[in-house]
$ cat upload_12.cif   # mmCIF, C-alpha atoms
data_final
#
loop_
_atom_site.group_PDB
_atom_site.id
_atom_site.type_symbol
_atom_site.label_atom_id
_atom_site.label_comp_id
_atom_site.auth_asym_id
_atom_site.auth_seq_id
_atom_site.Cartn_x
_atom_site.Cartn_y
_atom_site.Cartn_z
ATOM 1 C CA MET A 13 149.880 115.920 111.585
ATOM 2 C CA LYS A 14 146.506 115.547 109.895
ATOM 3 C CA TYR A 15 146.254 119.227 109.007
ATOM 4 C CA LEU A 16 148.730 121.683 107.504
ATOM 5 C CA SER A 17 148.754 125.354 108.462
ATOM 6 C CA ILE A 18 150.556 127.843 106.219
ATOM 7 C CA ASP A 19 151.000 131.448 107.297
ATOM 8 C CA LEU A 20 150.062 134.167 104.845
ATOM 9 C CA SER A 21 153.483 135.675 105.352
ATOM 10 C CA THR A 22 154.961 132.574 103.725
ATOM 11 C CA LEU A 23 152.789 133.080 100.645
ATOM 12 C CA ARG A 24 153.888 136.756 100.494
ATOM 13 C CA SER A 25 157.573 136.033 100.931
ATOM 14 C CA PRO A 26 160.063 136.786 98.085
ATOM 15 C CA GLU A 27 161.056 133.105 97.907
ATOM 16 C CA TYR A 28 157.485 132.004 97.184
ATOM 17 C CA ILE A 29 156.578 134.888 94.870
ATOM 18 C CA GLY A 30 159.796 134.516 92.909
ATOM 19 C CA SER A 31 159.145 130.807 92.196
ATOM 20 C CA THR A 32 157.307 129.404 89.220
ATOM 21 C CA PRO A 33 153.950 127.574 89.622
ATOM 22 C CA THR A 34 155.739 124.235 89.109
ATOM 23 C CA GLU A 35 158.218 125.060 91.868
ATOM 24 C CA ARG A 36 155.391 126.142 94.155
ATOM 25 C CA GLY A 37 153.532 122.864 93.545
ATOM 26 C CA THR A 38 156.700 120.862 94.183
ATOM 27 C CA TRP A 39 157.307 122.714 97.448
ATOM 28 C CA LEU A 40 153.719 122.167 98.581
ATOM 29 C CA SER A 41 153.888 118.414 97.849
ATOM 30 C CA VAL A 42 157.155 117.980 99.760
ATOM 31 C CA LEU A 43 155.787 120.151 102.603
ATOM 32 C CA GLY A 44 152.758 117.885 102.915
ATOM 33 C CA TYR A 45 154.983 114.811 103.071
ATOM 34 C CA CYS A 46 157.079 116.322 105.862
ATOM 35 C CA ALA A 47 153.955 117.289 107.844
ATOM 36 C CA ASP A 48 152.647 113.728 107.549
ATOM 37 C CA GLN A 49 155.978 112.256 108.699
ATOM 38 C CA GLU A 50 156.552 114.982 111.335
ATOM 39 C CA ASN A 51 160.247 115.090 110.516
ATOM 40 C CA GLY A 52 160.734 118.759 111.303
ATOM 41 C CA GLY A 53 160.902 119.786 107.635
ATOM 42 C CA ARG A 54 164.100 117.836 106.930
ATOM 43 C CA ILE A 55 164.150 114.706 104.762
ATOM 44 C CA VAL A 56 167.322 112.859 105.663
ATOM 45 C CA GLY A 57 169.087 111.172 102.717
ATOM 46 C CA ALA A 58 166.445 112.292 100.234
ATOM 47 C CA MET A 59 168.985 113.168 97.510
ATOM 48 C CA THR A 60 169.953 109.516 97.306
ATOM 49 C CA TRP A 61 166.419 108.592 96.252
ATOM 50 C CA LYS A 62 165.728 107.557 92.698
ATOM 51 C CA ASP A 63 163.255 109.418 90.562
ATOM 52 C CA ARG A 64 160.643 106.664 90.967
ATOM 53 C CA GLN A 65 160.885 106.855 94.762
ATOM 54 C CA TRP A 66 160.268 110.627 94.681
ATOM 55 C CA GLN A 67 157.165 110.041 92.584
ATOM 56 C CA GLN A 68 155.841 107.349 94.911
ATOM 57 C CA VAL A 69 156.539 109.233 98.160
ATOM 58 C CA CYS A 70 155.942 112.896 97.336
ATOM 59 C CA GLY A 71 154.339 112.831 93.910
ATOM 60 C CA VAL A 72 157.126 114.866 92.293
ATOM 61 C CA THR A 73 160.168 114.021 90.163
ATOM 62 C CA LEU A 74 163.825 114.335 91.134
ATOM 63 C CA ARG A 75 164.318 116.938 88.409
ATOM 64 C CA GLU A 76 161.555 119.133 89.870
ATOM 65 C CA VAL A 77 163.136 118.877 93.310
ATOM 66 C CA ARG A 78 166.540 119.969 92.010
ATOM 67 C CA SER A 79 165.013 122.918 90.122
ATOM 68 C CA THR A 80 163.129 124.252 93.181
ATOM 69 C CA THR A 81 166.143 125.995 94.619
ATOM 70 C CA ARG A 82 164.362 128.857 96.448
ATOM 71 C CA LEU A 83 161.850 126.709 98.399
ATOM 72 C CA LEU A 84 163.795 123.438 98.829
ATOM 73 C CA LEU A 85 167.310 123.734 100.253
ATOM 74 C CA ILE A 86 169.806 120.908 99.717
ATOM 75 C CA GLU A 87 172.398 120.212 102.409
ATOM 76 C CA GLY A 88 174.481 117.201 101.462
ATOM 77 C CA ASP A 89 172.017 114.376 100.977
ATOM 78 C CA ASP A 90 169.266 116.065 103.028
ATOM 79 C CA VAL A 91 166.439 118.251 101.748
ATOM 80 C CA ILE A 92 165.156 121.119 103.932
ATOM 81 C CA VAL A 93 161.704 122.567 103.290
ATOM 82 C CA PHE A 94 161.394 126.354 103.325
ATOM 83 C CA ASP A 95 159.383 127.880 106.219
ATOM 84 C CA TYR A 96 158.182 124.521 107.643
ATOM 85 C CA PRO A 97 155.715 125.131 110.600
ATOM 86 C CA LEU A 98 157.938 123.500 113.207
ATOM 87 C CA TYR A 99 156.177 125.248 116.122
ATOM 88 C CA LEU A 100 152.889 123.525 115.226
ATOM 89 C CA GLU A 101 154.567 120.118 115.185
ATOM 90 C CA GLU A 102 156.068 120.711 118.649
ATOM 91 C CA GLU A 103 152.719 121.897 120.014
ATOM 92 C CA ILE A 104 150.960 118.791 118.735
ATOM 93 C CA ARG A 105 153.595 116.539 120.307
ATOM 94 C CA LYS A 106 153.164 118.289 123.671
ATOM 95 C CA ARG A 107 149.414 117.768 123.502
ATOM 96 C CA ARG A 108 149.896 114.078 122.827
ATOM 97 C CA VAL A 109 152.217 113.689 125.793
ATOM 98 C CA SER A 110 149.900 115.589 128.135
ATOM 99 C CA GLY A 111 146.894 113.635 126.925
ATOM 100 C CA ARG A 112 148.696 110.336 127.452
ATOM 101 C CA VAL A 113 149.755 111.339 130.958
ATOM 102 C CA GLY A 114 146.271 112.565 131.811
ATOM 103 C CA GLY A 115 144.732 109.346 130.555
ATOM 104 C CA GLN A 116 147.121 107.297 132.674
ATOM 105 C CA ALA A 117 146.308 109.421 135.714
ATOM 106 C CA ARG A 118 142.594 108.906 135.220
ATOM 107 C CA THR A 119 143.149 105.180 134.771
ATOM 108 C CA GLN A 120 145.214 104.985 137.948
ATOM 109 C CA ALA A 121 142.596 106.993 139.835
ATOM 110 C CA LYS A 122 139.866 104.636 138.682
ATOM 111 C CA ALA A 123 141.920 101.596 139.670
ATOM 112 C CA GLN A 124 142.611 103.071 143.102
ATOM 113 C CA ALA A 125 138.902 103.880 143.566
ATOM 114 C CA ALA A 126 137.986 100.313 142.614
ATOM 115 C CA ARG A 127 140.506 98.962 145.146
ATOM 116 C CA ASP A 128 139.122 101.250 147.843
ATOM 117 C CA ASN A 129 135.546 100.189 147.133
ATOM 118 C CA GLY A 130 136.579 96.539 147.157
ATOM 119 C CA ALA A 131 138.285 96.976 150.501
ATOM 120 C CA LYS A 132 135.168 98.646 151.942
ATOM 121 C CA ASN A 133 132.892 95.874 150.693
ATOM 122 C CA LYS A 134 135.290 93.262 152.009
ATOM 123 C CA SER A 135 135.458 94.893 155.433
ATOM 124 C CA SER A 136 131.646 95.104 155.663
ATOM 125 C CA GLY A 137 130.988 91.587 154.358
ATOM 126 C CA PRO A 138 130.062 88.448 156.295
ATOM 127 C CA GLN A 139 133.714 87.324 156.483
ATOM 128 C CA ALA A 140 134.645 90.471 158.375
ATOM 129 C CA LYS A 141 131.874 89.791 160.876
ATOM 130 C CA THR A 142 133.067 86.216 161.320
ATOM 131 C CA GLN A 143 136.608 87.406 161.894
ATOM 132 C CA ALA A 144 135.442 89.986 164.400
ATOM 133 C CA GLU A 145 133.529 87.470 166.534
ATOM 134 C CA PRO A 146 136.591 85.714 168.048
ATOM 135 C CA LYS A 147 138.033 89.073 169.155
ATOM 136 C CA GLU A 148 134.781 89.972 170.894
ATOM 137 C CA CYS A 149 134.773 86.584 172.625
ATOM 138 C CA LEU A 150 138.312 87.135 173.869
ATOM 139 C CA LYS A 151 137.379 90.553 175.221
ATOM 140 C CA GLN A 152 134.373 89.196 177.050
ATOM 141 C CA ASN A 153 136.303 86.112 178.322
ATOM 142 C CA PRO A 154 139.880 87.224 179.039
ATOM 143 C CA SER A 155 140.536 83.977 180.837
ATOM 144 C CA GLY A 156 138.832 81.853 178.190
ATOM 145 C CA THR A 157 140.371 78.649 176.916
ATOM 146 C CA GLN A 158 141.330 77.608 173.420
ATOM 147 C CA GLY A 159 138.129 75.603 173.169
ATOM 148 C CA VAL A 160 135.992 78.725 173.456
ATOM 149 C CA LEU A 161 137.960 80.336 170.639
ATOM 150 C CA GLU A 162 137.595 77.311 168.397
ATOM 151 C CA ALA A 163 133.866 77.135 169.067
ATOM 152 C CA ASN A 164 133.447 80.715 167.841
ATOM 153 C CA THR A 165 135.797 80.537 164.856
ATOM 154 C CA GLN A 166 134.750 77.255 163.277
ATOM 155 C CA ALA A 167 131.720 77.578 161.010
ATOM 156 C CA GLN A 168 129.097 74.928 161.437
ATOM 157 C CA PRO A 169 127.944 73.134 158.274
ATOM 158 C CA LYS A 170 124.544 73.977 156.851
ATOM 159 C CA GLN A 171 121.802 71.462 157.517
ATOM 160 C CA THR A 172 119.683 72.412 154.526
ATOM 161 C CA PRO A 173 119.091 69.291 152.408
ATOM 162 C CA ASN A 174 120.057 69.495 148.767
ATOM 163 C CA VAL A 175 116.839 68.949 146.858
ATOM 164 C CA ARG A 176 117.192 68.432 143.129
ATOM 165 C CA GLU A 177 114.545 67.028 140.770
ATOM 166 C CA GLY A 178 112.604 65.503 143.667
ATOM 167 C CA ASN A 179 115.654 63.718 145.189
ATOM 168 C CA VAL A 180 116.881 64.440 148.755
ATOM 169 C CA MET A 181 120.498 63.828 149.696
ATOM 170 C CA GLU A 182 119.554 61.775 152.773
ATOM 171 C CA GLY A 183 117.475 59.414 150.631
ATOM 172 C CA LYS A 184 115.812 59.496 147.217
ATOM 173 C CA VAL A 185 112.037 59.527 147.129
ATOM 174 C CA SER A 186 110.764 56.335 145.584
ATOM 175 C CA ASN A 187 108.391 56.278 142.631
ATOM 176 C CA THR A 188 105.590 54.802 144.713
ATOM 177 C CA GLU A 189 105.852 57.611 147.265
ATOM 178 C CA ARG A 190 105.960 60.223 144.527
ATOM 179 C CA GLN A 191 102.878 58.791 142.786
ATOM 180 C CA ALA A 192 100.868 58.290 145.974
ATOM 181 C CA PRO A 193 97.727 60.410 146.246
ATOM 182 C CA PRO A 194 97.713 63.311 148.695
ATOM 183 C CA ALA A 195 96.555 62.251 152.125
ATOM 184 C CA GLY A 196 94.841 64.095 154.899
ATOM 185 C CA ASP A 197 95.577 63.936 158.618
ATOM 186 C CA ALA A 198 94.328 60.354 158.798
ATOM 187 C CA GLY A 199 96.252 59.163 155.739
ATOM 188 C CA LEU A 200 93.115 59.077 153.571
ATOM 189 C CA PRO A 201 92.706 60.792 150.189
ATOM 190 C CA LEU A 202 91.658 64.393 150.344
ATOM 191 C CA PRO A 203 88.014 65.201 149.555
ATOM 192 C CA GLY A 204 87.384 65.473 145.830
ATOM 193 C CA PHE A 205 90.446 63.432 144.842
ATOM 194 C CA ASP A 206 89.796 61.104 141.921
ATOM 195 C CA ARG A 207 92.400 58.503 140.986
ATOM 196 C CA ASN A 208 91.150 58.577 137.400
ATOM 197 C CA LEU A 209 92.074 62.268 137.196
ATOM 198 C CA ALA A 210 95.531 61.849 138.739
ATOM 199 C CA THR A 211 98.457 62.697 136.497
ATOM 200 C CA SER A 212 101.557 60.577 135.889
ATOM 201 C CA ASP A 213 103.413 62.179 138.821
ATOM 202 C CA GLY A 214 100.631 61.455 141.277
ATOM 203 C CA GLN A 215 99.217 64.969 141.360
ATOM 204 C CA HIS A 216 95.517 65.606 141.090
ATOM 205 C CA ASP A 217 94.299 67.214 137.896
ATOM 206 C CA THR A 218 92.952 70.552 139.082
ATOM 207 C CA SER A 219 91.548 71.672 135.737
ATOM 208 C CA PRO A 220 87.895 72.754 136.250
ATOM 209 C CA ALA A 221 85.177 70.568 134.885
ATOM 210 C CA PRO A 222 82.545 72.044 132.600
ATOM 211 C CA GLY A 223 79.271 72.958 134.210
ATOM 212 C CA PRO A 224 77.175 75.863 135.495
ATOM 213 C CA GLU A 225 79.916 76.747 137.993
ATOM 214 C CA ASN A 226 82.512 76.981 135.223
ATOM 215 C CA PRO A 227 81.130 78.913 132.225
ATOM 216 C CA ALA A 228 84.537 79.002 130.473
ATOM 217 C CA ALA A 229 84.767 75.203 130.339
ATOM 218 C CA ALA A 230 81.142 74.992 129.299
ATOM 219 C CA LYS A 231 81.860 77.407 126.450
ATOM 220 C CA GLU A 232 84.732 75.220 125.210
ATOM 221 C CA THR A 233 82.486 72.172 125.390
ATOM 222 C CA ALA A 234 79.834 74.028 123.390
ATOM 223 C CA LYS A 235 82.399 74.740 120.665
ATOM 224 C CA ASP A 236 83.128 71.038 120.312
ATOM 225 C CA ALA A 237 79.398 70.320 120.094
ATOM 226 C CA LYS A 238 78.791 72.731 117.208
ATOM 227 C CA PRO A 239 79.075 70.059 114.477
ATOM 228 C CA ALA A 240 76.168 68.242 116.088
ATOM 229 C CA GLU A 241 74.041 71.376 115.952
ATOM 230 C CA ALA A 242 73.993 71.146 112.184
ATOM 231 C CA GLN A 243 71.739 68.113 112.505
ATOM 232 C CA GLY A 244 69.178 70.157 114.485
ATOM 233 C CA VAL A 245 68.713 72.972 111.963
ATOM 234 C CA THR A 246 65.117 73.396 110.825
ATOM 235 C CA LEU A 247 65.296 73.028 107.067
ATOM 236 C CA PRO A 248 62.682 73.993 104.499
ATOM 237 C CA ALA A 249 60.820 71.133 102.861
ATOM 238 C CA GLU A 250 62.813 71.559 99.635
ATOM 239 C CA LEU A 251 66.109 70.975 101.470
ATOM 240 C CA GLU A 252 65.043 68.234 103.883
ATOM 241 C CA THR A 253 67.500 65.542 102.705
ATOM 242 C CA GLU A 254 70.508 63.822 104.177
ATOM 243 C CA THR A 255 72.621 65.049 101.263
ATOM 244 C CA PHE A 256 71.891 68.670 102.006
ATOM 245 C CA ARG A 257 72.345 68.157 105.755
ATOM 246 C CA ALA A 258 75.834 66.748 105.119
ATOM 247 C CA ALA A 259 76.673 69.649 102.799
ATOM 248 C CA TRP A 260 75.374 72.167 105.353
ATOM 249 C CA ALA A 261 77.441 70.542 108.121
ATOM 250 C CA ASP A 262 80.564 70.868 105.954
ATOM 251 C CA TRP A 263 79.695 74.496 105.299
ATOM 252 C CA LEU A 264 79.453 75.244 109.030
ATOM 253 C CA ALA A 265 82.766 73.443 109.663
ATOM 254 C CA TYR A 266 84.396 75.468 106.883
ATOM 255 C CA ARG A 267 83.130 78.730 108.420
ATOM 256 C CA ARG A 268 84.625 77.739 111.771
ATOM 257 C CA GLU A 269 87.971 77.046 110.098
ATOM 258 C CA CYS A 270 87.839 80.540 108.572
ATOM 259 C CA LYS A 271 86.854 81.951 112.004
ATOM 260 C CA VAL A 272 83.670 83.474 110.617
ATOM 261 C CA SER A 273 81.085 84.492 113.198
ATOM 262 C CA PRO A 274 78.176 82.022 113.487
ATOM 263 C CA TYR A 275 74.796 82.702 111.942
ATOM 264 C CA LYS A 276 72.326 84.788 113.893
ATOM 265 C CA PRO A 277 68.745 83.432 113.944
ATOM 266 C CA ARG A 278 67.403 85.973 111.439
ATOM 267 C CA ALA A 279 70.405 85.570 109.152
ATOM 268 C CA LEU A 280 70.067 81.774 109.280
ATOM 269 C CA ALA A 281 66.381 81.944 108.383
ATOM 270 C CA ALA A 282 67.101 84.290 105.472
ATOM 271 C CA GLN A 283 69.920 82.029 104.252
ATOM 272 C CA MET A 284 67.666 78.960 104.307
ATOM 273 C CA ALA A 285 64.928 80.833 102.438
ATOM 274 C CA MET A 286 67.378 81.859 99.730
ATOM 275 C CA LEU A 287 68.763 78.324 99.367
ATOM 276 C CA ALA A 288 65.214 76.916 99.177
ATOM 277 C CA GLU A 289 64.416 79.417 96.436
ATOM 278 C CA TRP A 290 67.451 78.255 94.432
ATOM 279 C CA GLY A 291 66.466 74.615 94.710
ATOM 280 C CA HIS A 292 68.011 71.519 96.253
ATOM 281 C CA ASP A 293 70.775 70.826 93.703
ATOM 282 C CA VAL A 294 71.700 74.462 93.171
ATOM 283 C CA ALA A 295 71.964 75.006 96.955
ATOM 284 C CA ILE A 296 74.352 72.074 97.325
ATOM 285 C CA GLU A 297 76.420 73.244 94.356
ATOM 286 C CA SER A 298 76.553 76.730 95.873
ATOM 287 C CA ILE A 299 78.004 75.294 99.093
ATOM 288 C CA ARG A 300 80.562 73.261 97.160
ATOM 289 C CA GLN A 301 81.474 76.271 95.064
ATOM 290 C CA SER A 302 82.064 78.521 98.082
ATOM 291 C CA ILE A 303 84.240 75.915 99.843
ATOM 292 C CA ARG A 304 86.187 75.269 96.660
ATOM 293 C CA GLN A 305 86.783 78.967 95.988
ATOM 294 C CA GLN A 306 87.385 79.752 99.707
ATOM 295 C CA TRP A 307 84.543 82.244 99.816
ATOM 296 C CA ARG A 308 82.948 83.492 103.007
ATOM 297 C CA GLY A 309 79.388 83.492 101.674
ATOM 298 C CA LEU A 310 77.033 81.483 99.456
ATOM 299 C CA PHE A 311 76.368 82.640 95.905
ATOM 300 C CA GLU A 312 74.110 81.231 93.214
ATOM 301 C CA PRO A 313 76.103 79.511 90.447
ATOM 302 C CA LYS A 314 76.034 81.183 87.050
ATOM 303 C CA ALA A 315 73.246 80.251 84.649
ATOM 304 C CA SER A 316 75.717 78.863 82.124
ATOM 305 C CA PHE A 317 77.040 76.482 84.759
ATOM 306 C CA GLY A 318 73.831 74.401 85.075
ATOM 307 C CA SER A 319 70.614 73.586 83.302
ATOM 308 C CA ALA A 320 67.210 75.105 83.861
ATOM 309 C CA GLN A 321 66.517 72.672 86.716
ATOM 310 C CA GLY A 322 69.762 73.476 88.519
ATOM 311 C CA VAL A 323 73.000 71.724 87.609
ATOM 312 C CA SER A 324 73.660 69.459 84.654
ATOM 313 C CA ALA A 325 74.614 65.838 85.212
ATOM 314 C CA GLU A 326 78.128 66.385 83.890
ATOM 315 C CA SER A 327 78.763 69.378 86.165
ATOM 316 C CA LYS A 328 77.318 67.520 89.150
ATOM 317 C CA LYS A 329 79.566 64.544 88.433
ATOM 318 C CA ARG A 330 82.630 66.769 88.245
ATOM 319 C CA SER A 331 81.697 68.564 91.461
ATOM 320 C CA ASP A 332 81.118 65.247 93.248
ATOM 321 C CA LYS A 333 84.560 64.064 92.169
ATOM 322 C CA ILE A 334 86.241 67.220 93.508
ATOM 323 C CA ALA A 335 84.321 66.974 96.780
ATOM 324 C CA LYS A 336 85.272 63.327 97.221
ATOM 325 C CA THR A 337 88.930 64.151 96.569
ATOM 326 C CA ASN A 338 88.847 66.796 99.312
ATOM 327 C CA GLY A 339 87.170 64.430 101.744
ATOM 328 C CA TYR A 340 83.579 65.622 101.338
ATOM 329 C CA GLU A 341 81.048 62.976 100.444
ATOM 330 C CA TYR A 342 77.444 64.068 99.961
#
$ encode --input "upload_12.cif" --output "structure tokens"
Amino acid sequence: MKYLSIDLSTLRSPEYIGSTPTERGTWLSVLGYCADQENGGRIVGAMTWKDRQWQQVCGVTLREVRSTTRLLLIEGDDVIVFDYPLYLEEEIRKRRVSGRVGGQARTQAKAQAARDNGAKNKSSGPQAKTQAEPKECLKQNPSGTQGVLEANTQAQPKQTPNVREGNVMEGKVSNTERQAPPAGDAGLPLPGFDRNLATSDGQHDTSPAPGPENPAAAKETAKDAKPAEAQGVTLPAELETETFRAAWADWLAYRRECKVSPYKPRALAAQMAMLAEWGHDVAIESIRQSIRQQWRGLFEPKASFGSAQGVSAESKKRSDKIAKTNGYEY
């Protein structure tokens, strides 16, 4: 038992009241052991135990057990616990038996239901229909021969070819047939078929070509052509050099890598005006600085970074070295 129930009448009995607190604690410890073992309140052969065994099993000493004469009765080598709730132990055992029997009944009922369902599915399956066909043939042809019965009972093999990875059981398709272009009714290539666009397995590449009829493909083509647009930017006279054009092309490529939206016309004009105001060398250094620092915009270098005309020769040399290391050559 996992729980122990003690009646109040036991706690008001003369045996319990007349015992000392030590005797009461000893009785309660032995009572708990008996409830856990479900031995009916009798510990067989307990008086043969050593003192250490009493301490390990019940948590009491042999001397305490011998002194608890009102609550622990000694009969030979057995110890009987006073007022043990035997009726609760019997009730719990009955519940276990009934629960085990009920569980077995439910299990048997489920198994029987599964067998019944299986029998129904088997009787309504295709095999049942096949088995029923010969009987119907015999009813319709009472004077039929054995040949009629065999013709209805034998299942004919399926004629569906087994196709796997382009191979047919009757004969594998050759590579030349598989790579041949699709042909029309006259054996000629279909209209619009281009051998140059055929894939390795002989199929025509159906991906749409860029043009007015396909704006999506034209948009992708326009993305690839963006680096060339950097050469067509109208630059102010102060920035009209190949060095600045190369730096500006790198700046546009960097913005595309960062997925920054392209410049609008007004924003581009304002950006060019600001770079022209800074000067040629300062504008290039600003582009290098933003790429190096992974910035999203262009900012004028600090005054302490360059000379009055823009950037000092030493700073420009160092910036050129960093740009060349990263693959940018201006």
$ resolve_selection --input "upload_12.cif" --expression "the PyMOL selection byres ((chain A and resi 50) around 12)" --output "list in words"
Met13, Lys14, Tyr15, Leu16, Val42, Leu43, Gly44, Tyr45, Cys46, Ala47, Asp48, Gln49, Asn51, Gly52, Gly53, Arg54, Ile55, Tyr96, Pro97, Leu98, Tyr99, Leu100, Glu101, Glu102, Glu103, Ile104 and Arg105 of chain A
$ resolve_selection --input "upload_12.cif" --expression "the PyMOL selection byres ((chain A and resi 40) around 12)" --output "number ranges by chain"
A: 16-18, 22-23, 28, 33-39, 41-47, 53, 70-72, 77, 80, 83-84, 93-96
$ atom_distance --input "upload_12.cif" --atom1 "CA of Asp63 (chain A)" --atom2 "CA of Ile29 (chain A)"
26.7 Å
$ resolve_selection --input "upload_12.cif" --expression "the PyMOL selection byres ((chain A and resi 284) around 12)" --output "JSON, numbers by chain"
{"A": [245, 246, 247, 248, 249, 250, 251, 252, 256, 257, 260, 275, 277, 278, 279, 280, 281, 282, 283, 285, 286, 287, 288, 289, 290, 291, 292, 295, 296, 310]}
$ write_last_selection --input "upload_12.cif" --atoms "C-alpha atoms" --output "mmCIF file, in the frame of the given file"
data_model
loop_
_atom_site.group_PDB
_atom_site.id
_atom_site.type_symbol
_atom_site.label_atom_id
_atom_site.label_comp_id
_atom_site.auth_asym_id
_atom_site.auth_seq_id
_atom_site.Cartn_x
_atom_site.Cartn_y
_atom_site.Cartn_z
ATOM 1 C CA VAL A 245 68.713 72.972 111.963
ATOM 2 C CA THR A 246 65.117 73.396 110.825
ATOM 3 C CA LEU A 247 65.296 73.028 107.067
ATOM 4 C CA PRO A 248 62.682 73.993 104.499
ATOM 5 C CA ALA A 249 60.820 71.133 102.861
ATOM 6 C CA GLU A 250 62.813 71.559 99.635
ATOM 7 C CA LEU A 251 66.109 70.975 101.470
ATOM 8 C CA GLU A 252 65.043 68.234 103.883
ATOM 9 C CA PHE A 256 71.891 68.670 102.006
ATOM 10 C CA ARG A 257 72.345 68.157 105.755
ATOM 11 C CA TRP A 260 75.374 72.167 105.353
ATOM 12 C CA TYR A 275 74.796 82.702 111.942
ATOM 13 C CA PRO A 277 68.745 83.432 113.944
ATOM 14 C CA ARG A 278 67.403 85.973 111.439
ATOM 15 C CA ALA A 279 70.405 85.570 109.152
ATOM 16 C CA LEU A 280 70.067 81.774 109.280
ATOM 17 C CA ALA A 281 66.381 81.944 108.383
ATOM 18 C CA ALA A 282 67.101 84.290 105.472
ATOM 19 C CA GLN A 283 69.920 82.029 104.252
ATOM 20 C CA ALA A 285 64.928 80.833 102.438
ATOM 21 C CA MET A 286 67.378 81.859 99.730
ATOM 22 C CA LEU A 287 68.763 78.324 99.367
ATOM 23 C CA ALA A 288 65.214 76.916 99.177
ATOM 24 C CA GLU A 289 64.416 79.417 96.436
ATOM 25 C CA TRP A 290 67.451 78.255 94.432
ATOM 26 C CA GLY A 291 66.466 74.615 94.710
ATOM 27 C CA HIS A 292 68.011 71.519 96.253
ATOM 28 C CA ALA A 295 71.964 75.006 96.955
ATOM 29 C CA ILE A 296 74.352 72.074 97.325
ATOM 30 C CA LEU A 310 77.033 81.483 99.456
#
$ atom_distance --input "upload_12.cif" --atom1 "CA of Gly57 (chain A)" --atom2 "CA of Thr81 (chain A)"
17.1 Å
$ residues_around --input "upload_12.cif" --residues "Leu74 (chain A)" --least-positions-apart "3" --cutoff "9 Å" --atoms "all atoms listed in the file" --output "PyMOL selection string"
chain A and resi 59+61-67+77-79
$ write_last_selection --input "upload_12.cif" --atoms "C-alpha atoms" --output "compact mmCIF listing (two decimals), keeping the file's coordinate frame"
# COMPACT_ATOMS: atom_id res chain seq x y z
CA MET A 59 168.98 113.17 97.51
CA TRP A 61 166.42 108.59 96.25
CA LYS A 62 165.73 107.56 92.70
CA ASP A 63 163.26 109.42 90.56
CA ARG A 64 160.64 106.66 90.97
CA GLN A 65 160.88 106.86 94.76
CA TRP A 66 160.27 110.63 94.68
CA GLN A 67 157.16 110.04 92.58
CA VAL A 77 163.14 118.88 93.31
CA ARG A 78 166.54 119.97 92.01
CA SER A 79 165.01 122.92 90.12
$ atom_distance --input "upload_12.cif" --atom1 "CA of Ala259 (chain A)" --atom2 "CA of Arg300 (chain A)"
7.7 Å
